[in-house]
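Pasting final23.pdb here (PDB, C-alpha atoms):
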```pdb
MODEL        1
ATOM      1  CA  PHE A  27      97.125 111.820 179.829  1.00  0.00           C
ATOM      2  CA  ASP A  28      98.812 108.926 181.643  1.00  0.00           C
ATOM      3  CA  GLN A  29      97.970 110.455 185.024  1.00  0.00           C
ATOM      4  CA  ILE A  30      94.290 110.633 184.115  1.00  0.00           C
ATOM      5  CA  ILE A  31      94.294 106.961 183.099  1.00  0.00           C
ATOM      6  CA  MET A  32      95.993 105.997 186.362  1.00  0.00           C
ATOM      7  CA  LYS A  33      93.464 108.026 188.364  1.00  0.00           C
ATOM      8  CA  VAL A  34      90.590 106.345 186.533  1.00  0.00           C
ATOM      9  CA  ILE A  35      92.064 102.872 187.077  1.00  0.00           C
ATOM     10  CA  LEU A  36      92.680 103.649 190.755  1.00  0.00           C
ATOM     11  CA  GLY A  37      89.126 104.967 191.129  1.00  0.00           C
ATOM     12  CA  ILE A  38      87.683 101.856 189.503  1.00  0.00           C
ATOM     13  CA  ALA A  39      89.809  99.576 191.704  1.00  0.00           C
ATOM     14  CA  ILE A  40      88.808 101.386 194.913  1.00  0.00           C
ATOM     15  CA  SER A  41      85.133 101.478 193.911  1.00  0.00           C
ATOM     16  CA  THR A  42      85.155  97.767 193.069  1.00  0.00           C
ATOM     17  CA  ALA A  43      86.801  96.858 196.383  1.00  0.00           C
ATOM     18  CA  CYS A  44      84.264  98.972 198.301  1.00  0.00           C
ATOM     19  CA  TRP A  45      81.395  97.373 196.367  1.00  0.00           C
ATOM     20  CA  TYR A  46      82.569  93.822 197.159  1.00  0.00           C
ATOM     21  CA  TRP A  47      83.054  94.686 200.834  1.00  0.00           C
ATOM     22  CA  SER A  48      79.643  96.336 201.192  1.00  0.00           C
ATOM     23  CA  SER A  49      77.956  93.597 199.159  1.00  0.00           C
ATOM     24  CA  SER A  50      79.251  90.847 201.419  1.00  0.00           C
ATOM     25  CA  ILE A  51      78.139  92.725 204.532  1.00  0.00           C
ATOM     26  CA  ASN A  52      74.751  93.351 202.911  1.00  0.00           C
ATOM     27  CA  ALA A  53      74.312  89.656 202.078  1.00  0.00           C
ATOM     28  CA  ILE A  54      74.960  88.546 205.639  1.00  0.00           C
ATOM     29  CA  SER A  55      72.845  91.251 207.250  1.00  0.00           C
ATOM     30  CA  THR A  56      69.970  90.622 204.827  1.00  0.00           C
ATOM     31  CA  GLN A  57      69.923  86.918 205.679  1.00  0.00           C
ATOM     32  CA  ILE A  58      69.951  87.694 209.395  1.00  0.00           C
ATOM     33  CA  LEU A  59      67.175  90.276 208.997  1.00  0.00           C
ATOM     34  CA  PHE A  60      64.955  87.829 207.132  1.00  0.00           C
ATOM     35  CA  GLN A  61      65.572  85.122 209.735  1.00  0.00           C
ATOM     36  CA  LEU A  62      64.678  87.538 212.540  1.00  0.00           C
ATOM     37  CA  CYS A  63      61.520  88.633 210.732  1.00  0.00           C
ATOM     38  CA  LYS A  64      60.468  85.033 210.134  1.00  0.00           C
ATOM     39  CA  SER A  65      60.999  84.017 213.755  1.00  0.00           C
ATOM     40  CA  GLU A  66      59.435  87.164 215.244  1.00  0.00           C
ATOM     41  CA  THR A  67      56.446  87.349 212.919  1.00  0.00           C
ATOM     42  CA  PHE A  68      55.518  83.704 212.691  1.00  0.00           C
ATOM     43  CA  GLY A  69      57.108  82.190 215.769  1.00  0.00           C
ATOM     44  CA  THR A  70      58.455  79.149 213.940  1.00  0.00           C
ATOM     45  CA  GLN A  71      60.661  78.467 210.956  1.00  0.00           C
ATOM     46  CA  ASP A  72      58.136  75.992 209.511  1.00  0.00           C
ATOM     47  CA  SER A  73      55.310  78.442 208.834  1.00  0.00           C
ATOM     48  CA  ASP A  74      54.327  79.645 205.371  1.00  0.00           C
ATOM     49  CA  ASP A  75      56.363  82.826 205.050  1.00  0.00           C
ATOM     50  CA  SER A  76      56.039  83.351 201.300  1.00  0.00           C
ATOM     51  CA  VAL A  77      53.471  86.086 201.886  1.00  0.00           C
ATOM     52  CA  SER A  78      55.835  88.292 203.879  1.00  0.00           C
ATOM     53  CA  ILE A  79      59.209  87.579 202.245  1.00  0.00           C
ATOM     54  CA  ILE A  80      58.464  89.138 198.866  1.00  0.00           C
ATOM     55  CA  PRO A  81      57.023  92.473 200.122  1.00  0.00           C
ATOM     56  CA  LEU A  82      59.860  92.741 202.632  1.00  0.00           C
ATOM     57  CA  ALA A  83      62.388  92.074 199.851  1.00  0.00           C
ATOM     58  CA  GLN A  84      60.697  94.708 197.662  1.00  0.00           C
ATOM     59  CA  LEU A  85      60.837  97.274 200.438  1.00  0.00           C
ATOM     60  CA  MET A  86      64.451  96.460 201.223  1.00  0.00           C
ATOM     61  CA  THR A  87      65.502  96.576 197.551  1.00  0.00           C
ATOM     62  CA  THR A  88      63.789  99.917 197.031  1.00  0.00           C
ATOM     63  CA  CYS A  89      65.484 101.365 200.122  1.00  0.00           C
ATOM     64  CA  GLN A  90      68.886  99.980 199.108  1.00  0.00           C
ATOM     65  CA  LEU A  91      68.706 101.457 195.615  1.00  0.00           C
ATOM     66  CA  LEU A  92      67.357 104.760 196.920  1.00  0.00           C
ATOM     67  CA  MET A  93      70.178 105.045 199.454  1.00  0.00           C
ATOM     68  CA  GLY A  94      72.726 104.037 196.820  1.00  0.00           C
ATOM     69  CA  GLY A  95      71.384 106.708 194.514  1.00  0.00           C
ATOM     70  CA  LEU A  96      71.568 109.362 197.230  1.00  0.00           C
ATOM     71  CA  MET A  97      75.082 108.313 198.176  1.00  0.00           C
ATOM     72  CA  SER A  98      76.207 108.497 194.544  1.00  0.00           C
ATOM     73  CA  ILE A  99      75.190 112.137 194.073  1.00  0.00           C
ATOM     74  CA  PRO A 100      78.421 113.568 195.549  1.00  0.00           C
ATOM     75  CA  ILE A 101      80.431 111.114 193.446  1.00  0.00           C
ATOM     76  CA  VAL A 102      78.623 112.112 190.246  1.00  0.00           C
ATOM     77  CA  PHE A 103      79.190 115.805 190.888  1.00  0.00           C
ATOM     78  CA  GLY A 104      82.801 115.214 191.928  1.00  0.00           C
ATOM     79  CA  VAL A 105      83.682 113.146 188.879  1.00  0.00           C
ATOM     80  CA  GLY A 106      81.631 115.441 186.658  1.00  0.00           C
ATOM     81  CA  SER A 107      83.525 118.497 187.827  1.00  0.00           C
ATOM     82  CA  ILE A 108      86.864 116.795 187.196  1.00  0.00           C
ATOM     83  CA  PHE A 109      86.266 115.321 183.746  1.00  0.00           C
ATOM     84  CA  ARG A 110      83.706 117.661 182.153  1.00  0.00           C
ATOM     85  CA  ARG A 111      84.623 120.693 180.153  1.00  0.00           C
ATOM     86  CA  PRO A 112      83.108 123.961 181.398  1.00  0.00           C
ATOM     87  CA  GLU A 113      79.824 124.838 179.718  1.00  0.00           C
ATOM     88  CA  ASN A 114      77.511 127.816 179.963  1.00  0.00           C
ATOM     89  CA  GLY A 115      75.895 126.509 183.152  1.00  0.00           C
ATOM     90  CA  ASP A 116      79.232 125.834 184.861  1.00  0.00           C
ATOM     91  CA  ARG A 117      80.977 128.150 187.254  1.00  0.00           C
ATOM     92  CA  LYS A 118      84.120 130.005 186.273  1.00  0.00           C
ATOM     93  CA  ASP A 119      86.306 127.857 188.532  1.00  0.00           C
ATOM     94  CA  GLY A 120      85.401 124.762 186.475  1.00  0.00           C
ATOM     95  CA  ALA A 121      83.011 123.131 188.969  1.00  0.00           C
ATOM     96  CA  THR A 122      79.963 121.613 187.374  1.00  0.00           C
ATOM     97  CA  SER A 123      76.644 123.101 188.351  1.00  0.00           C
ATOM     98  CA  ALA A 124      73.675 120.949 189.290  1.00  0.00           C
ATOM     99  CA  THR A 125      71.608 122.263 186.404  1.00  0.00           C
ATOM    100  CA  SER A 126      74.148 121.224 183.785  1.00  0.00           C
ATOM    101  CA  LEU A 127      74.315 117.646 185.114  1.00  0.00           C
ATOM    102  CA  LEU A 128      70.640 117.231 185.972  1.00  0.00           C
ATOM    103  CA  GLY A 129      69.515 118.935 182.772  1.00  0.00           C
ATOM    104  CA  GLU A 130      70.714 116.044 180.637  1.00  0.00           C
ATOM    105  CA  SER A 131      67.917 113.956 179.219  1.00  0.00           C
ATOM    106  CA  ILE A 132      67.339 110.427 180.463  1.00  0.00           C
ATOM    107  CA  LYS A 133      67.599 107.866 177.698  1.00  0.00           C
ATOM    108  CA  LYS A 134      65.353 104.833 177.351  1.00  0.00           C
ATOM    109  CA  GLU A 135      68.404 102.583 177.747  1.00  0.00           C
ATOM    110  CA  ASP A 136      69.158 104.173 181.130  1.00  0.00           C
ATOM    111  CA  LEU A 137      65.673 103.319 182.374  1.00  0.00           C
ATOM    112  CA  ILE A 138      65.920  99.755 181.070  1.00  0.00           C
ATOM    113  CA  ILE A 139      69.265  99.283 182.834  1.00  0.00           C
ATOM    114  CA  GLY A 140      67.737 100.671 186.033  1.00  0.00           C
ATOM    115  CA  PHE A 141      64.800  98.260 185.885  1.00  0.00           C
ATOM    116  CA  ILE A 142      67.121  95.328 185.187  1.00  0.00           C
ATOM    117  CA  HIS A 143      69.274  96.357 188.161  1.00  0.00           C
ATOM    118  CA  TYR A 144      66.203  96.586 190.404  1.00  0.00           C
ATOM    119  CA  PHE A 145      64.901  93.202 189.252  1.00  0.00           C
ATOM    120  CA  GLY A 146      68.293  91.546 189.796  1.00  0.00           C
ATOM    121  CA  SER A 147      68.629  93.093 193.250  1.00  0.00           C
ATOM    122  CA  LEU A 148      65.081  92.067 194.129  1.00  0.00           C
ATOM    123  CA  CYS A 149      65.718  88.460 193.085  1.00  0.00           C
ATOM    124  CA  THR A 150      68.932  88.436 195.128  1.00  0.00           C
ATOM    125  CA  ASN A 151      67.121  89.732 198.216  1.00  0.00           C
ATOM    126  CA  ILE A 152      64.291  87.226 197.755  1.00  0.00           C
ATOM    127  CA  GLY A 153      66.915  84.481 197.543  1.00  0.00           C
ATOM    128  CA  PHE A 154      68.460  85.709 200.800  1.00  0.00           C
ATOM    129  CA  GLY A 155      65.009  85.600 202.346  1.00  0.00           C
ATOM    130  CA  TYR A 156      64.481  81.932 201.547  1.00  0.00           C
ATOM    131  CA  CYS A 157      67.935  80.637 202.545  1.00  0.00           C
ATOM    132  CA  ASP A 158      69.406  80.014 205.985  1.00  0.00           C
ATOM    133  CA  PRO A 159      72.405  82.091 207.116  1.00  0.00           C
TER
ENDMDL
END
```

Give the structure from the file, written as structure tokens.
Amino acid sequence: FDQIIMKVILGIAISTACWYWSSSINAISTQILFQLCKSETFGTQDSDDSVSIIPLAQLMTTCQLLMGGLMSIPIVFGVGSIFRRPENGDRKDGATSATSLLGESIKKEDLIIGFIHYFGSLCTNIGFGYCDP
């Protein structure tokens, strides 16, 4: 039992460190991308860029969350196969099958959390679009 707790704590610590590292790189690269788009599209920093910043931030946020979701699939199956008890849809060696994980129903709270995450990420990216690096 103590080994499982240590593995969970270690996993949380590593995941948190990776998130902070990737978040800081994302913040800098997002600011640079917006500055390049403003200068290339409009030619000057003084032009009215409010029309292009928000759609660009929406596109970027959607792509970021989509890529994050795709990258998390191996993690979900890996953690699910370690901590889940074998069920009817699972293989005999204890690995979790895709149907047993994907067959779970999505709760309303999960969707609300997803929308809040998207909105927060969108506001962050819009903020990066309007600031100078």

For the provided coordinates, the residues matched by the PyMOL selection byres ((chain A and resi 91) around 12) should be stated as a PyMOL selection string. chain A and resi 84-90+92-98+140-141+143-148

Non-local contacts of Ile79 in chain A (8 Å; only C-alpha atoms; under 6 positions in same chain excluded) as JSON, numbers by chain: {"A": [60, 152, 155, 156]}

Test item: the PyMOL selection byres ((chain A and resi 157) around 12) resolved as a PyMOL selection string: chain A and resi 53-54+56-61+64+71+79+150-156+158-159

For the atom pair CA of Ile38 in chain A and CA of Ile139 in chain A, what is the interatomic distance in Å to one decimal place? 19.8 Å

Nearest candidate to Cys63 in chain A (options A:Lys33, A:Ser50, A:Ser78, A:Cys149; using all atoms listed in the file):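 Among the listed residues, the smallest separation from Cys63 in chain A belongs to A:Ser78.
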
Work out how far apart CA of Ile40 in chain A and CA of Ile99 in chain A are and give it in Å to one decimal. 17.4 Å

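In this structure, CA of Leu36 in chain A sits 15.3 Å away from CA of Gly104 in chain A.
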